[in-house]
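Asker: Take this structure, written in structure tokens, and hold onto it; I'll ask about it next.
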Amino acid sequence: MKRILGIVLALMLVCGMFAVATAEEGKTLKVAYIPNSMSNEMNAYGFKIMEEHAAEYNMTVTAFDGQYDPQTETAAITNCIGQGYDAVILCPSDINAVVPAVMQAKEEGVLVVMYSADLPVEYRELRDIFVGVDDTIAGQQAAAAFIEHFPDGAKVIEVGGTAGTDAQIRRHDGFNAGLEGSNIEVLDYQACDAWSTDQAMSITEDMIVKYGDEIQGVFCHWDNGATGCIEALNNAGITGTFVVAIDGCRGGFDQVKAGTQSVCISQNVVNISVKALEAIRAAADGQPYEAENFIPLDTVTIDNVDSLPYPEW
């Protein structure tokens, strides 16, 4: 009898545990979105998409503005841990500075999702999910555009994004790796202190003074930075320069349409944002999910710009 009673109690315990697990699965998730800055149109648009789709995945998403300040971003992560958030979606301005806070989130069982920017390689085991484009491939696609346009070689300059950010590092590395073995020569390279159109313009102006009409092409890490590069070229009376940039924002598409930017390597913010929510839901429910989710990039030119969805950011 005691044996039967023990079996019954064990079954009750298992059933109780199953009931708890079932109650947890599918519960409304509290998700924090902490980008480097909400003033960045891509980040703001990404949040808009998350808000629009959050109910489909039974979650709420709250944005915290990183203000391009690693201390602000770190404080936001720590506060969200204390406030019982189930997941944090991070796009930090400094991928190294947030590591201690990410470690704390991991210890507290908070799902860590890297959005568009990844952690340094040695710390990637701390994040549960990455969703974004492969910025190394973006740089490689930019290099391929130059090689295709200049089969006999050319001299170009490179204007980088914010120094030390994941996107800046990968786009630079991918671009230079993609040029290996080609006759494309990079005359000069300089990154910015921030993703600033004015800084991109200033860097380009300095390089024009230094290299003049030797410059046949410009690779800028982001479309709105290319706006500054184009203005610097126009002010110097230089026309016909082959300009390539990455992002796929309105500015990039408009510049391709106008013929001032030759190629735009475009990422799909809608797909990135929805995939982040999808992966969080699956992970929280104990369902299969991909830890690394790379969204394909489009190479936008004057020939296909009108056939692609116009970006809302």
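Ligands are numbered from 1 in the order shown, residues from 1 within each chain, and chains are lettered A, B, ... in the order they appear in the structure tokens.
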Please report, as a PyMOL selection string, each residue of range 244-308 of chain A to which DSSP assigns strand (DSSP E) when run on this structure's backbone.
Answerer: chain A and resi 244-247+263-266+292-294+298-300
Asker: Write the selection just made, keeping N, CA and C atoms, as an mmCIF file, in the first residue's frame?
Answerer:
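Written out: selection_12.cif:
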data_model
loop_
_atom_site.group_PDB
_atom_site.id
_atom_site.type_symbol
_atom_site.label_atom_id
_atom_site.label_comp_id
_atom_site.auth_asym_id
_atom_site.auth_seq_id
_atom_site.Cartn_x
_atom_site.Cartn_y
_atom_site.Cartn_z
ATOM 1 N N VAL A 244 29.421 53.868 -52.328
ATOM 2 C CA VAL A 244 28.737 52.680 -51.806
ATOM 3 C C VAL A 244 28.567 52.853 -50.293
ATOM 4 N N ALA A 245 27.378 52.532 -49.788
ATOM 5 C CA ALA A 245 27.126 52.608 -48.351
ATOM 6 C C ALA A 245 26.196 51.484 -47.928
ATOM 7 N N ILE A 246 26.096 51.303 -46.614
ATOM 8 C CA ILE A 246 25.324 50.201 -46.038
ATOM 9 C C ILE A 246 24.202 50.763 -45.165
ATOM 10 N N ASP A 247 23.101 50.095 -45.113
ATOM 11 C CA ASP A 247 21.984 50.273 -44.175
ATOM 12 C C ASP A 247 20.650 49.994 -44.847
ATOM 13 N N VAL A 263 25.489 52.429 -54.925
ATOM 14 C CA VAL A 263 25.014 51.152 -54.391
ATOM 15 C C VAL A 263 24.663 51.328 -52.914
ATOM 16 N N CYS A 264 23.569 50.695 -52.505
ATOM 17 C CA CYS A 264 23.161 50.650 -51.102
ATOM 18 C C CYS A 264 23.029 49.187 -50.698
ATOM 19 N N ILE A 265 23.793 48.769 -49.693
ATOM 20 C CA ILE A 265 23.673 47.417 -49.157
ATOM 21 C C ILE A 265 22.621 47.487 -48.056
ATOM 22 N N SER A 266 21.447 46.879 -48.301
ATOM 23 C CA SER A 266 20.264 47.153 -47.488
ATOM 24 C C SER A 266 19.873 45.998 -46.573
ATOM 25 N N GLU A 292 21.524 31.939 -33.633
ATOM 26 C CA GLU A 292 22.051 32.981 -34.522
ATOM 27 C C GLU A 292 21.146 33.089 -35.746
ATOM 28 N N ASN A 293 20.633 34.285 -35.967
ATOM 29 C CA ASN A 293 19.683 34.512 -37.053
ATOM 30 C C ASN A 293 20.193 35.651 -37.935
ATOM 31 N N PHE A 294 20.743 35.295 -39.083
ATOM 32 C CA PHE A 294 21.273 36.292 -40.006
ATOM 33 C C PHE A 294 20.251 36.542 -41.114
ATOM 34 N N ASP A 298 20.131 43.032 -49.232
ATOM 35 C CA ASP A 298 19.893 43.336 -50.649
ATOM 36 C C ASP A 298 20.965 44.304 -51.145
ATOM 37 N N THR A 299 21.440 44.092 -52.367
ATOM 38 C CA THR A 299 22.319 45.060 -53.019
ATOM 39 C C THR A 299 21.443 45.931 -53.903
ATOM 40 N N VAL A 300 21.231 47.172 -53.486
ATOM 41 C CA VAL A 300 20.297 48.081 -54.150
ATOM 42 C C VAL A 300 21.049 48.971 -55.135
#
Asker: Between range 76-166 of chain A and range 35-55 of chain A, at 6 Å or less, what are the per-residue closest atom pairs and their distances in Å? Count only C-alpha atoms, order by chain and rising residue number, and return it as CSV.
Answerer:
residue,atom,partner,partner_atom,distance
A:Leu90,CA,A:Pro35,CA,5.7
A:Cys91,CA,A:Pro35,CA,4.4
A:Pro92,CA,A:Asn36,CA,4.8
A:Ser93,CA,A:Asn36,CA,4.9
Asker: Go through range 141-313 of chain A and collect every residue that DSSP, computed from the backbone, puts in helix (DSSP H, G or I); the answer should be as a PyMOL selection string.
Answerer: chain A and resi 141-149+166-179+197-214+223-235+250-258+269-284+305-307
Asker: Applying 8 Å and only C-alpha atoms, which residues near Ile77 in chain A remain after dropping the ones on its own chain fewer than 6 positions away? List them as a PDB file with C-alpha atoms, in the first residue's frame.
Answerer:
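What follows is the written file part-v4.pdb:
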ATOM      1  CA  ILE A  34      17.691  48.857 -25.115  1.00  0.00           C
ATOM      2  CA  VAL A  88      16.367  42.212 -22.954  1.00  0.00           C
ATOM      3  CA  ALA A 101      25.558  43.728 -17.074  1.00  0.00           C
ATOM      4  CA  VAL A 102      24.924  40.942 -19.608  1.00  0.00           C
ATOM      5  CA  ALA A 105      21.278  39.171 -16.751  1.00  0.00           C
TER       6      ALA A 105
END
Asker: At a cut-off of 9 Å, using only C-alpha atoms, what residues contact range 110-126 of chain A? Leave out same-chain residues fewer than 2 positions from it and give the result as a ChimeraX atom specification.
Answerer: /A:35,81,84-93,95-96,98-99,102-108,128-135,165-167,272-273,276,279-280,283-284
Asker: How many Å lie between CA of Arg250 in chain A and CA of Leu179 in chain A, rounded to one decimal?
Answerer: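 Distance reported for this atom pair: 27.5 Å.
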Asker: Record the distance separating CA of Ala258 in chain A and CA of Val243 in chain A, expressed in Å with one decimal.
Answerer: 12.3 Å
Asker: Can you pull out the residues contacting range 154-161 of chain A? Cut-off 7 Å, using only C-alpha atoms, and skip same-chain residues under 5 positions away; I want them as a list in words.
Answerer: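 Contacts, with the query itself left out: Gln168, Asn183, Ile184, Glu185, Val186, Leu187, Asp188, Tyr189, Gln190, Ala191, Cys192, Ala194, Trp195, Ala200, Glu214, Ile215, Gln216, Gly217, Val218, Phe219, Cys220, His221 and Trp222 of chain A.
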Asker: Would you output that residue set with N, CA, C and O atoms, as a PDB file, in the first residue's frame?
Answerer:
ATOM      1  N   GLN A 168      30.767  48.786 -37.118  1.00  0.00           N
ATOM      2  CA  GLN A 168      31.959  49.443 -37.701  1.00  0.00           C
ATOM      3  C   GLN A 168      33.089  48.439 -37.899  1.00  0.00           C
ATOM      4  O   GLN A 168      33.726  48.387 -38.961  1.00  0.00           O
ATOM      5  N   ASN A 183      42.394  44.758 -57.571  1.00  0.00           N
ATOM      6  CA  ASN A 183      43.231  45.928 -57.855  1.00  0.00           C
ATOM      7  C   ASN A 183      42.623  47.207 -57.270  1.00  0.00           C
ATOM      8  O   ASN A 183      42.983  48.306 -57.684  1.00  0.00           O
ATOM      9  N   ILE A 184      41.725  47.046 -56.295  1.00  0.00           N
ATOM     10  CA  ILE A 184      41.155  48.197 -55.610  1.00  0.00           C
ATOM     11  C   ILE A 184      42.086  48.591 -54.465  1.00  0.00           C
ATOM     12  O   ILE A 184      42.369  47.780 -53.585  1.00  0.00           O
ATOM     13  N   GLU A 185      42.551  49.825 -54.476  1.00  0.00           N
ATOM     14  CA  GLU A 185      43.459  50.317 -53.431  1.00  0.00           C
ATOM     15  C   GLU A 185      42.702  51.285 -52.517  1.00  0.00           C
ATOM     16  O   GLU A 185      42.093  52.258 -52.977  1.00  0.00           O
ATOM     17  N   VAL A 186      42.749  51.019 -51.212  1.00  0.00           N
ATOM     18  CA  VAL A 186      42.142  51.926 -50.236  1.00  0.00           C
ATOM     19  C   VAL A 186      43.195  52.962 -49.846  1.00  0.00           C
ATOM     20  O   VAL A 186      44.167  52.656 -49.168  1.00  0.00           O
ATOM     21  N   LEU A 187      42.981  54.186 -50.304  1.00  0.00           N
ATOM     22  CA  LEU A 187      43.952  55.253 -50.038  1.00  0.00           C
ATOM     23  C   LEU A 187      44.002  55.628 -48.567  1.00  0.00           C
ATOM     24  O   LEU A 187      45.073  55.933 -48.028  1.00  0.00           O
ATOM     25  N   ASP A 188      42.850  55.620 -47.919  1.00  0.00           N
ATOM     26  CA  ASP A 188      42.800  56.065 -46.532  1.00  0.00           C
ATOM     27  C   ASP A 188      41.528  55.550 -45.874  1.00  0.00           C
ATOM     28  O   ASP A 188      40.533  55.266 -46.556  1.00  0.00           O
ATOM     29  N   TYR A 189      41.581  55.425 -44.550  1.00  0.00           N
ATOM     30  CA  TYR A 189      40.429  54.976 -43.776  1.00  0.00           C
ATOM     31  C   TYR A 189      40.390  55.720 -42.452  1.00  0.00           C
ATOM     32  O   TYR A 189      41.409  55.871 -41.786  1.00  0.00           O
ATOM     33  N   GLN A 190      39.194  56.176 -42.076  1.00  0.00           N
ATOM     34  CA  GLN A 190      39.012  56.793 -40.765  1.00  0.00           C
ATOM     35  C   GLN A 190      37.594  56.551 -40.281  1.00  0.00           C
ATOM     36  O   GLN A 190      36.624  56.735 -41.027  1.00  0.00           O
ATOM     37  N   ALA A 191      37.481  56.132 -39.026  1.00  0.00           N
ATOM     38  CA  ALA A 191      36.167  55.939 -38.412  1.00  0.00           C
ATOM     39  C   ALA A 191      35.737  57.217 -37.691  1.00  0.00           C
ATOM     40  O   ALA A 191      36.543  58.117 -37.456  1.00  0.00           O
ATOM     41  N   CYS A 192      34.460  57.276 -37.335  1.00  0.00           N
ATOM     42  CA  CYS A 192      33.890  58.453 -36.665  1.00  0.00           C
ATOM     43  C   CYS A 192      33.801  58.229 -35.156  1.00  0.00           C
ATOM     44  O   CYS A 192      33.931  57.110 -34.666  1.00  0.00           O
ATOM     45  N   ALA A 194      30.966  59.094 -33.741  1.00  0.00           N
ATOM     46  CA  ALA A 194      29.541  58.765 -33.667  1.00  0.00           C
ATOM     47  C   ALA A 194      29.030  58.595 -35.095  1.00  0.00           C
ATOM     48  O   ALA A 194      29.696  59.013 -36.041  1.00  0.00           O
ATOM     49  N   TRP A 195      27.844  57.994 -35.228  1.00  0.00           N
ATOM     50  CA  TRP A 195      27.257  57.832 -36.556  1.00  0.00           C
ATOM     51  C   TRP A 195      26.719  59.197 -37.000  1.00  0.00           C
ATOM     52  O   TRP A 195      25.506  59.426 -37.032  1.00  0.00           O
ATOM     53  N   ALA A 200      31.137  62.393 -41.090  1.00  0.00           N
ATOM     54  CA  ALA A 200      31.455  61.730 -42.358  1.00  0.00           C
ATOM     55  C   ALA A 200      31.839  62.760 -43.411  1.00  0.00           C
ATOM     56  O   ALA A 200      32.776  62.559 -44.201  1.00  0.00           O
ATOM     57  N   GLU A 214      42.556  61.779 -57.131  1.00  0.00           N
ATOM     58  CA  GLU A 214      42.934  60.360 -57.080  1.00  0.00           C
ATOM     59  C   GLU A 214      41.753  59.502 -56.637  1.00  0.00           C
ATOM     60  O   GLU A 214      41.683  58.309 -56.946  1.00  0.00           O
ATOM     61  N   ILE A 215      40.836  60.098 -55.894  1.00  0.00           N
ATOM     62  CA  ILE A 215      39.704  59.353 -55.320  1.00  0.00           C
ATOM     63  C   ILE A 215      38.687  59.022 -56.414  1.00  0.00           C
ATOM     64  O   ILE A 215      38.076  59.902 -56.998  1.00  0.00           O
ATOM     65  N   GLN A 216      38.514  57.738 -56.663  1.00  0.00           N
ATOM     66  CA  GLN A 216      37.534  57.288 -57.663  1.00  0.00           C
ATOM     67  C   GLN A 216      36.274  56.714 -57.021  1.00  0.00           C
ATOM     68  O   GLN A 216      35.239  56.607 -57.682  1.00  0.00           O
ATOM     69  N   GLY A 217      36.399  56.337 -55.769  1.00  0.00           N
ATOM     70  CA  GLY A 217      35.252  55.754 -55.080  1.00  0.00           C
ATOM     71  C   GLY A 217      35.292  56.036 -53.595  1.00  0.00           C
ATOM     72  O   GLY A 217      36.349  56.300 -53.016  1.00  0.00           O
ATOM     73  N   VAL A 218      34.111  56.000 -52.977  1.00  0.00           N
ATOM     74  CA  VAL A 218      33.976  56.197 -51.532  1.00  0.00           C
ATOM     75  C   VAL A 218      33.134  55.066 -50.969  1.00  0.00           C
ATOM     76  O   VAL A 218      32.021  54.809 -51.452  1.00  0.00           O
ATOM     77  N   PHE A 219      33.670  54.387 -49.957  1.00  0.00           N
ATOM     78  CA  PHE A 219      32.870  53.429 -49.212  1.00  0.00           C
ATOM     79  C   PHE A 219      32.588  54.035 -47.845  1.00  0.00           C
ATOM     80  O   PHE A 219      33.508  54.301 -47.071  1.00  0.00           O
ATOM     81  N   CYS A 220      31.319  54.284 -47.551  1.00  0.00           N
ATOM     82  CA  CYS A 220      30.897  54.797 -46.254  1.00  0.00           C
ATOM     83  C   CYS A 220      30.098  53.705 -45.553  1.00  0.00           C
ATOM     84  O   CYS A 220      29.285  53.026 -46.178  1.00  0.00           O
ATOM     85  N   HIS A 221      30.323  53.549 -44.253  1.00  0.00           N
ATOM     86  CA  HIS A 221      29.704  52.450 -43.525  1.00  0.00           C
ATOM     87  C   HIS A 221      28.197  52.564 -43.369  1.00  0.00           C
ATOM     88  O   HIS A 221      27.538  51.585 -43.012  1.00  0.00           O
ATOM     89  N   TRP A 222      27.636  53.772 -43.606  1.00  0.00           N
ATOM     90  CA  TRP A 222      26.178  53.905 -43.448  1.00  0.00           C
ATOM     91  C   TRP A 222      25.653  54.980 -44.395  1.00  0.00           C
ATOM     92  O   TRP A 222      26.341  55.927 -44.741  1.00  0.00           O
TER      93      TRP A 222
END
Asker: Residues within 6 Å of range 142-151 of chain A, please, as a list in words. Count only C-alpha atoms; anything in the same chain fewer than 3 positions from it doesn't count.
Answerer: Gly139, Phe175, Gly178 and Leu179 of chain A
Asker: Out of A:Tyr33, A:Phe242, A:Trp313, A:Tyr57, which residue has the shortest atom-to-atom distance to Ser262 in chain A when counting only C-alpha atoms?
Answerer: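 Selected residue with least distance to Ser262 in chain A: A:Phe242.
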Asker: Using only C-alpha atoms for the distances, tell me which of A:Asn268, A:Gln255, A:Thr136, A:Asn224 is nearest to Ala177 in chain A.
Answerer: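 Smallest separation from Ala177 in chain A among the options: A:Thr136.
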Asker: Tell me which protein, DNA and RNA residues are within 8 Å of Ile230 in chain A, counting only C-alpha atoms, leaving out same-chain ones fewer than 5 positions away, and put them as a ChimeraX atom specification.
Answerer: /A:201,243,260-261
Asker: Grab the residues selected above and save them as a PDB file, in the first residue's frame with C-alpha atoms.
Answerer:
ATOM      1  CA  MET A 201      31.423  64.959 -44.352  1.00  0.00           C
ATOM      2  CA  VAL A 243      29.734  55.813 -53.728  1.00  0.00           C
ATOM      3  CA  THR A 260      24.400  60.364 -56.128  1.00  0.00           C
ATOM      4  CA  GLN A 261      24.907  57.016 -54.366  1.00  0.00           C
TER       5      GLN A 261
END
Asker: Taking only C-alpha atoms into account, which of A:Ala32, A:Ala226, A:Asp193, A:Asn58 comes nearest Ala76 in chain A?
Answerer: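 Once distances to Ala76 in chain A are computed over only C-alpha atoms, the minimum belongs to A:Ala32.
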Asker: Could you check which of A:Val256, A:Asp94, A:Ala63, A:Gly212 is closest to Asp303 in chain A, using only C-alpha atoms?
Answerer: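 For Asp303 in chain A, the nearest of the candidates is A:Val256.
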